[in-house]
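Student: Contents of structure-v7.txt (compact mmCIF, C-alpha atoms):
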```txt
# COMPACT_ATOMS: atom_id res chain seq x y z
CA MET A 1 -26.24 -45.17 -17.25
CA LEU A 2 -28.55 -47.00 -14.85
CA ALA A 3 -32.28 -46.90 -15.27
CA THR A 4 -34.30 -44.72 -12.95
CA ARG A 5 -34.31 -46.14 -9.44
CA ILE A 6 -37.41 -48.17 -8.69
CA ARG A 7 -38.25 -47.94 -5.01
CA PRO A 8 -38.98 -51.30 -3.36
CA ARG A 9 -42.61 -52.30 -3.62
CA TRP A 10 -43.87 -53.62 -0.30
CA LYS A 11 -46.35 -56.43 -0.74
CA PRO A 12 -49.52 -55.85 1.29
CA VAL A 13 -50.09 -58.20 4.19
CA ALA A 14 -53.67 -59.15 5.02
CA LEU A 15 -54.33 -58.97 8.77
CA THR A 16 -57.05 -61.15 10.24
CA THR A 17 -58.81 -60.14 13.43
CA ALA A 18 -56.89 -62.85 15.26
CA ALA A 19 -53.58 -61.60 13.93
CA VAL A 20 -54.39 -58.08 15.08
CA LEU A 21 -55.23 -59.33 18.56
CA VAL A 22 -51.99 -61.28 18.71
CA GLY A 23 -50.11 -58.16 17.65
CA LEU A 24 -51.72 -56.16 20.45
CA MET A 25 -50.56 -58.70 23.01
CA THR A 26 -47.01 -58.94 21.61
CA PRO A 27 -44.21 -57.17 23.53
CA ALA A 28 -42.97 -53.91 22.04
CA LEU A 29 -39.65 -55.48 21.00
CA THR A 30 -41.38 -57.86 18.59
CA ALA A 31 -41.85 -56.72 14.99
CA ALA A 32 -43.51 -58.35 12.02
CA PRO A 33 -41.10 -59.84 9.46
CA ALA A 34 -40.08 -57.45 6.71
CA ALA A 35 -42.35 -57.74 3.69
CA ALA A 36 -40.90 -59.09 0.47
CA THR A 37 -39.63 -56.41 -1.90
CA THR A 38 -38.76 -56.22 -5.57
CA THR A 39 -36.08 -53.98 -7.06
CA GLU A 40 -34.72 -53.14 -10.46
CA TYR A 41 -31.61 -55.21 -9.64
CA ASP A 42 -33.38 -58.54 -9.10
CA ASP A 43 -33.03 -59.67 -12.72
CA THR A 44 -29.40 -58.55 -12.97
CA TYR A 45 -27.28 -57.90 -9.89
CA TYR A 46 -29.19 -60.28 -7.59
CA ALA A 47 -30.22 -62.81 -10.24
CA ASP A 48 -28.25 -65.67 -8.63
CA ALA A 49 -29.73 -64.99 -5.18
CA ILE A 50 -33.44 -64.69 -5.95
CA GLY A 51 -35.48 -67.58 -4.56
CA LYS A 52 -32.78 -68.83 -2.17
CA THR A 53 -32.81 -68.94 1.64
CA GLY A 54 -30.49 -69.84 4.50
CA THR A 55 -26.88 -70.75 3.78
CA ALA A 56 -27.50 -70.89 0.03
CA LEU A 57 -28.71 -67.28 0.04
CA LYS A 58 -25.84 -66.11 2.24
CA ASP A 59 -23.27 -67.83 0.03
CA SER A 60 -24.79 -66.41 -3.13
CA LEU A 61 -24.88 -62.86 -1.74
CA HIS A 62 -21.29 -63.22 -0.54
CA THR A 63 -20.17 -64.02 -4.07
CA ILE A 64 -22.19 -61.14 -5.52
CA ILE A 65 -21.08 -58.38 -3.13
CA SER A 66 -17.45 -59.52 -3.01
CA ASP A 67 -17.07 -58.17 -6.55
CA GLN A 68 -16.07 -54.80 -5.19
CA THR A 69 -13.76 -51.85 -5.88
CA LYS A 70 -11.79 -51.13 -2.71
CA ILE A 71 -10.79 -47.63 -1.65
CA SER A 72 -8.11 -46.31 0.71
CA TYR A 73 -8.85 -45.07 4.21
CA SER A 74 -7.89 -41.52 3.24
CA ALA A 75 -10.35 -41.69 0.33
CA VAL A 76 -13.14 -42.51 2.79
CA TRP A 77 -13.34 -38.85 3.86
CA ASN A 78 -14.55 -37.61 0.48
CA ALA A 79 -16.67 -40.69 -0.10
CA LEU A 80 -18.59 -40.05 3.13
CA LYS A 81 -19.12 -36.43 2.14
CA ALA A 82 -21.00 -37.77 -0.88
CA ALA A 83 -22.68 -40.83 0.63
CA ASP A 84 -23.78 -39.20 3.90
CA GLN A 85 -24.83 -35.86 2.42
CA ASP A 86 -27.74 -34.18 4.17
CA PRO A 87 -30.61 -34.24 1.63
CA ASN A 88 -31.73 -30.83 2.90
CA ASN A 89 -28.29 -29.18 2.85
CA SER A 90 -25.70 -30.27 0.28
CA SER A 91 -22.93 -28.57 2.30
CA ASN A 92 -23.50 -30.90 5.26
CA VAL A 93 -23.41 -34.56 6.22
CA LEU A 94 -25.92 -36.31 8.50
CA LEU A 95 -24.19 -37.90 11.47
CA LEU A 96 -24.89 -41.45 12.61
CA TYR A 97 -26.31 -41.96 16.13
CA SER A 98 -26.94 -38.23 16.79
CA GLY A 99 -28.77 -37.28 13.58
CA VAL A 100 -26.99 -33.92 13.59
CA SER A 101 -26.38 -32.12 10.27
CA ARG A 102 -22.80 -30.83 10.22
CA SER A 103 -20.62 -29.05 7.69
CA LYS A 104 -18.66 -31.38 5.42
CA SER A 105 -15.59 -29.25 6.10
CA LEU A 106 -15.61 -30.11 9.82
CA ASN A 107 -14.07 -33.55 9.37
CA GLY A 108 -11.22 -34.36 11.75
CA GLY A 109 -10.46 -35.46 15.28
CA SER A 110 -11.34 -32.46 17.46
CA THR A 111 -14.43 -31.72 19.52
CA GLY A 112 -17.10 -30.42 17.17
CA ASN A 113 -15.71 -32.41 14.23
CA TRP A 114 -17.06 -35.54 12.61
CA ASN A 115 -14.95 -38.60 11.87
CA ARG A 116 -15.21 -42.09 10.38
CA GLU A 117 -17.20 -44.52 12.50
CA HIS A 118 -16.73 -48.25 11.92
CA THR A 119 -20.13 -49.67 12.84
CA TRP A 120 -18.50 -53.11 12.84
CA ALA A 121 -15.83 -52.07 15.33
CA LYS A 122 -12.43 -52.56 13.72
CA SER A 123 -11.11 -54.35 16.83
CA HIS A 124 -13.73 -57.10 16.36
CA GLY A 125 -11.62 -59.16 14.02
CA ASP A 126 -8.57 -56.90 14.34
CA PHE A 127 -8.73 -55.52 10.78
CA GLY A 128 -7.94 -51.94 11.75
CA GLU A 129 -8.01 -49.43 8.88
CA VAL A 130 -6.67 -51.79 6.24
CA THR A 131 -8.06 -51.52 2.72
CA GLY A 132 -10.93 -53.98 2.72
CA PRO A 133 -13.08 -54.30 5.85
CA GLY A 134 -11.38 -51.27 7.39
CA THR A 135 -12.40 -49.06 4.47
CA ASP A 136 -15.69 -50.62 3.39
CA LEU A 137 -18.15 -47.76 2.96
CA HIS A 138 -21.14 -49.98 3.61
CA HIS A 139 -20.33 -49.94 7.34
CA LEU A 140 -18.47 -46.61 7.63
CA ARG A 141 -20.49 -43.54 8.57
CA ALA A 142 -19.87 -39.90 9.43
CA CYS A 143 -20.20 -39.55 13.21
CA ASP A 144 -19.60 -36.90 15.88
CA VAL A 145 -16.11 -37.40 17.34
CA GLN A 146 -17.28 -37.54 20.95
CA VAL A 147 -20.28 -39.79 20.26
CA ASN A 148 -18.00 -42.09 18.26
CA SER A 149 -15.62 -42.26 21.22
CA ILE A 150 -18.47 -43.15 23.58
CA ARG A 151 -19.59 -45.98 21.32
CA GLY A 152 -15.98 -47.21 21.04
CA ASN A 153 -15.98 -50.90 20.18
CA LEU A 154 -19.13 -51.81 22.11
CA ASP A 155 -21.51 -54.44 20.81
CA PHE A 156 -25.12 -53.48 20.08
CA ASP A 157 -27.99 -54.17 22.47
CA ASN A 158 -30.98 -52.44 24.02
CA GLY A 159 -30.76 -50.32 27.16
CA GLY A 160 -28.43 -48.00 28.98
CA SER A 161 -28.15 -44.33 29.88
CA SER A 162 -28.54 -41.37 27.55
CA VAL A 163 -25.50 -40.50 25.42
CA THR A 164 -24.56 -36.82 25.63
CA ASN A 165 -25.52 -35.19 22.30
CA GLY A 166 -26.38 -38.68 21.06
CA GLY A 167 -29.84 -37.92 19.70
CA GLY A 168 -31.50 -40.45 21.99
CA SER A 169 -28.81 -43.14 21.79
CA LEU A 170 -28.11 -45.14 24.96
CA VAL A 171 -24.95 -46.71 26.38
CA ASP A 172 -23.96 -48.94 29.26
CA SER A 173 -20.80 -50.79 30.25
CA ASP A 174 -20.98 -53.42 27.52
CA SER A 175 -23.33 -52.23 24.77
CA PHE A 176 -24.62 -49.32 22.70
CA GLN A 177 -28.15 -48.62 21.45
CA PRO A 178 -28.47 -46.17 18.53
CA ARG A 179 -31.33 -43.68 18.37
CA ALA A 180 -34.52 -45.16 16.91
CA ALA A 181 -34.00 -43.67 13.42
CA ASP A 182 -30.61 -45.41 13.07
CA LYS A 183 -31.37 -48.83 14.53
CA GLY A 184 -32.22 -50.47 11.22
CA ASP A 185 -29.33 -48.75 9.45
CA VAL A 186 -26.89 -50.19 11.99
CA ALA A 187 -28.40 -53.67 11.80
CA ARG A 188 -28.17 -53.77 8.00
CA MET A 189 -24.58 -52.48 8.02
CA ILE A 190 -23.50 -55.11 10.56
CA LEU A 191 -25.19 -57.94 8.69
CA TYR A 192 -23.71 -56.75 5.37
CA MET A 193 -20.27 -57.17 6.95
CA ALA A 194 -21.14 -60.68 8.14
CA VAL A 195 -22.01 -61.70 4.58
CA ARG A 196 -19.22 -59.81 2.81
CA TYR A 197 -16.32 -61.05 4.99
CA GLU A 198 -16.35 -64.82 5.29
CA GLY A 199 -12.65 -65.47 5.93
CA ASP A 200 -11.81 -66.35 2.33
CA ASP A 201 -9.88 -63.19 1.42
CA GLY A 202 -7.21 -62.95 4.12
CA PHE A 203 -9.49 -61.22 6.64
CA ALA A 204 -11.38 -62.66 9.59
CA ASP A 205 -14.70 -64.45 9.15
CA LEU A 206 -17.07 -61.89 10.64
CA GLU A 207 -20.27 -63.23 12.22
CA PRO A 208 -23.07 -61.91 14.43
CA ASN A 209 -23.72 -63.70 17.72
CA GLU A 210 -25.83 -63.43 20.87
CA LYS A 211 -23.15 -61.94 23.11
CA VAL A 212 -21.90 -58.53 24.13
CA GLY A 213 -18.30 -57.93 25.19
CA ASN A 214 -16.91 -59.71 22.14
CA GLY A 215 -13.66 -57.73 22.33
CA SER A 216 -11.14 -58.66 19.63
CA ASN A 217 -13.08 -61.74 18.52
CA PRO A 218 -14.55 -61.44 15.00
CA PHE A 219 -18.11 -61.37 16.33
CA MET A 220 -20.72 -58.68 16.91
CA GLY A 221 -23.82 -58.92 19.06
CA LYS A 222 -26.58 -59.21 19.59
CA LEU A 223 -28.05 -60.87 16.53
CA SER A 224 -31.57 -61.14 17.95
CA ILE A 225 -31.56 -57.39 18.70
CA LEU A 226 -30.17 -56.52 15.26
CA LYS A 227 -32.97 -58.56 13.67
CA GLN A 228 -35.54 -56.66 15.72
CA TRP A 229 -34.00 -53.33 14.69
CA ASN A 230 -34.10 -54.33 11.02
CA GLU A 231 -37.85 -54.93 11.35
CA GLN A 232 -38.61 -51.87 13.47
CA ASP A 233 -36.71 -49.37 11.31
CA PRO A 234 -37.11 -50.17 7.58
CA PRO A 235 -34.72 -48.67 5.00
CA SER A 236 -35.20 -44.92 4.60
CA ALA A 237 -34.79 -42.78 1.50
CA PHE A 238 -31.46 -41.59 2.96
CA GLU A 239 -30.25 -45.17 3.33
CA GLU A 240 -31.39 -46.13 -0.18
CA ARG A 241 -29.67 -43.09 -1.72
CA ARG A 242 -26.50 -43.96 0.20
CA ASN A 243 -26.56 -47.47 -1.22
CA GLU A 244 -26.85 -46.03 -4.74
CA VAL A 245 -23.96 -43.58 -4.25
CA ILE A 246 -21.64 -46.33 -3.01
CA TYR A 247 -22.71 -48.64 -5.83
CA ASP A 248 -22.55 -46.06 -8.63
CA SER A 249 -19.51 -44.00 -7.66
CA TYR A 250 -17.23 -45.92 -5.31
CA GLN A 251 -17.33 -49.64 -4.54
CA HIS A 252 -19.76 -50.84 -7.22
CA ASN A 253 -21.32 -53.30 -4.81
CA ARG A 254 -24.54 -53.04 -2.82
CA ASN A 255 -25.81 -53.71 0.67
CA PRO A 256 -28.42 -56.39 -0.11
CA PHE A 257 -30.29 -55.84 3.16
CA ILE A 258 -31.20 -52.31 2.14
CA ASP A 259 -32.67 -53.61 -1.11
CA HIS A 260 -34.18 -56.71 0.52
CA PRO A 261 -34.54 -56.31 4.30
CA GLU A 262 -36.55 -59.55 4.38
CA TRP A 263 -33.34 -61.43 3.54
CA VAL A 264 -32.18 -60.90 7.15
CA GLU A 265 -34.84 -63.30 8.38
CA ALA A 266 -34.30 -65.57 5.37
CA ILE A 267 -30.64 -66.08 6.40
CA TRP A 268 -30.77 -65.81 10.19
```
Starting from the file, give its structure as structure tokens.

Tutor:
Amino acid sequence: MLATRIRPRWKPVALTTAAVLVGLMTPALTAAPAAATTTEYDDTYYADAIGKTGTALKDSLHTIISDQTKISYSAVWNALKAADQDPNNSSNVLLLYSGVSRSKSLNGGSTGNWNREHTWAKSHGDFGEVTGPGTDLHHLRACDVQVNSIRGNLDFDNGGSSVTNGGGSLVDSDSFQPRAADKGDVARMILYMAVRYEGDDGFADLEPNEKVGNGSNPFMGKLSILKQWNEQDPPSAFEERRNEVIYDSYQHNRNPFIDHPEWVEAIW
């Protein structure tokens, strides 16, 4: 049995008067780099990654998180009911993009149902619903059927028009912007996939890039926007609990960017 979860401890950052003035003049899209964190897993699970940066850190994390129990696509339904459970209503799941709390029993493909959203669109790398990237819980989320359809396989970027029942999400012809409360979640899920799937296990080498309209190529954009979202929307208690559920009960691997959001900047 694992020890009691130790929430990340954010190291205080001293702000000089000059730094504050710079911050006031910085555009709204700019965010300060995520502060370094420590977790109970640093001496065990992440031991081989601590202290590394760049390619060395990415390679080390790839090795660590590739030690994973895979589940079937049909098993994802029940896994999401546990991982995405509404903390205020154990009979419901919280839906990505919209933030709606909906009954766990309303899973399916009809209007008013929730289904399984691949944040890394399954056409980007053409992995479909195959056991592996197509069933990896670290990027699969419960999502309203219609909102999921609107997102489709669009890349992520800022801007667009309001998504109907999307909780503040925006969409245009070539990109999708999640509501503010889900921006960091999406960024960390996408970047998890880029580290986990490196082309050495029969699947495509997934990588973030600076484009939208990536289509069937194994890329997802835009990296600069995802990095901003990671900074602007730090991991929430919901996201941290989700990471624990997947680690403890299903895949037995972790999303390192939830535990250490500062590793996004350390790699990219």

Student: Between A:Val212, A:Leu80, A:Val264, A:Ala181, which has the minimum distance to Ser236 of chain A (counting only C-alpha atoms)?

Tutor: A:Ala181

Student: Quick one: of A:Ser91, A:Asn107, A:Ser123, A:Ser224, who's nearest to Lys211 of chain A, counting only C-alpha atoms?

Tutor: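 Distance minimum relative to Lys211 of chain A lands on A:Ser224.
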
Student: Quick one: residues within 7 Å of segment 52-58 of chain A, only C-alpha atoms counted, chain neighbours fewer than 6 positions away excluded, as a PyMOL selection string?

Tutor: chain A and resi 195+266-268

Student: Smallest atom-to-atom distance to Arg179 of chain A: which of A:Pro256, A:Pro87, A:Pro33, A:Gly99, using only C-alpha atoms?

Tutor: A:Gly99

Student: What is the atom CA of Asp172 of chain A to atom CA of Leu154 of chain A distance in Å?

Tutor: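 One can read the atom CA of Asp172 of chain A to atom CA of Leu154 of chain A distance as 9.1 Å.
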
Student: Interatomic distance between atom CA of Ser90 of chain A and atom CA of Arg102 of chain A?

Tutor: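 Result for atom CA of Ser90 of chain A versus atom CA of Arg102 of chain A: 10.4 Å, one decimal.
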
Student: N, CA and C atoms are needed for segment 128-142 of chain A; please write them out as a PDB file, keeping the file's coordinate frame.

Tutor:
```
ATOM      1  N   GLY A 128      -8.447 -53.309  11.742  1.00  0.00           N
ATOM      2  CA  GLY A 128      -7.940 -51.940  11.750  1.00  0.00           C
ATOM      3  C   GLY A 128      -8.503 -51.084  10.627  1.00  0.00           C
ATOM      4  N   GLU A 129      -7.615 -50.347   9.961  1.00  0.00           N
ATOM      5  CA  GLU A 129      -8.010 -49.430   8.880  1.00  0.00           C
ATOM      6  C   GLU A 129      -7.488 -49.910   7.535  1.00  0.00           C
ATOM      7  N   VAL A 130      -7.214 -51.210   7.454  1.00  0.00           N
ATOM      8  CA  VAL A 130      -6.670 -51.790   6.240  1.00  0.00           C
ATOM      9  C   VAL A 130      -7.695 -51.708   5.103  1.00  0.00           C
ATOM     10  N   THR A 131      -7.189 -51.521   3.884  1.00  0.00           N
ATOM     11  CA  THR A 131      -8.060 -51.520   2.720  1.00  0.00           C
ATOM     12  C   THR A 131      -8.793 -52.855   2.632  1.00  0.00           C
ATOM     13  N   GLY A 132     -10.083 -52.781   2.641  1.00  0.00           N
ATOM     14  CA  GLY A 132     -10.930 -53.980   2.720  1.00  0.00           C
ATOM     15  C   GLY A 132     -11.982 -53.705   3.779  1.00  0.00           C
ATOM     16  N   PRO A 133     -12.070 -54.542   4.823  1.00  0.00           N
ATOM     17  CA  PRO A 133     -13.080 -54.300   5.850  1.00  0.00           C
ATOM     18  C   PRO A 133     -12.887 -52.983   6.596  1.00  0.00           C
ATOM     19  N   GLY A 134     -11.644 -52.530   6.695  1.00  0.00           N
ATOM     20  CA  GLY A 134     -11.380 -51.270   7.390  1.00  0.00           C
ATOM     21  C   GLY A 134     -11.771 -50.042   6.610  1.00  0.00           C
ATOM     22  N   THR A 135     -12.045 -50.204   5.315  1.00  0.00           N
ATOM     23  CA  THR A 135     -12.400 -49.060   4.470  1.00  0.00           C
ATOM     24  C   THR A 135     -13.711 -49.274   3.720  1.00  0.00           C
ATOM     25  N   ASP A 136     -14.451 -50.288   4.100  1.00  0.00           N
ATOM     26  CA  ASP A 136     -15.690 -50.620   3.390  1.00  0.00           C
ATOM     27  C   ASP A 136     -16.778 -49.607   3.732  1.00  0.00           C
ATOM     28  N   LEU A 137     -17.201 -48.842   2.743  1.00  0.00           N
ATOM     29  CA  LEU A 137     -18.150 -47.760   2.960  1.00  0.00           C
ATOM     30  C   LEU A 137     -19.517 -48.240   3.443  1.00  0.00           C
ATOM     31  N   HIS A 138     -19.819 -49.490   3.213  1.00  0.00           N
ATOM     32  CA  HIS A 138     -21.140 -49.980   3.610  1.00  0.00           C
ATOM     33  C   HIS A 138     -21.276 -50.107   5.126  1.00  0.00           C
ATOM     34  N   HIS A 139     -20.176 -49.965   5.880  1.00  0.00           N
ATOM     35  CA  HIS A 139     -20.330 -49.940   7.340  1.00  0.00           C
ATOM     36  C   HIS A 139     -19.633 -48.721   7.954  1.00  0.00           C
ATOM     37  N   LEU A 140     -19.097 -47.840   7.139  1.00  0.00           N
ATOM     38  CA  LEU A 140     -18.470 -46.610   7.630  1.00  0.00           C
ATOM     39  C   LEU A 140     -19.467 -45.456   7.511  1.00  0.00           C
ATOM     40  N   ARG A 141     -19.569 -44.662   8.569  1.00  0.00           N
ATOM     41  CA  ARG A 141     -20.490 -43.540   8.570  1.00  0.00           C
ATOM     42  C   ARG A 141     -19.840 -42.317   9.222  1.00  0.00           C
ATOM     43  N   ALA A 142     -20.260 -41.142   8.772  1.00  0.00           N
ATOM     44  CA  ALA A 142     -19.870 -39.900   9.430  1.00  0.00           C
ATOM     45  C   ALA A 142     -20.513 -39.872  10.817  1.00  0.00           C
TER      46      ALA A 142
END
```
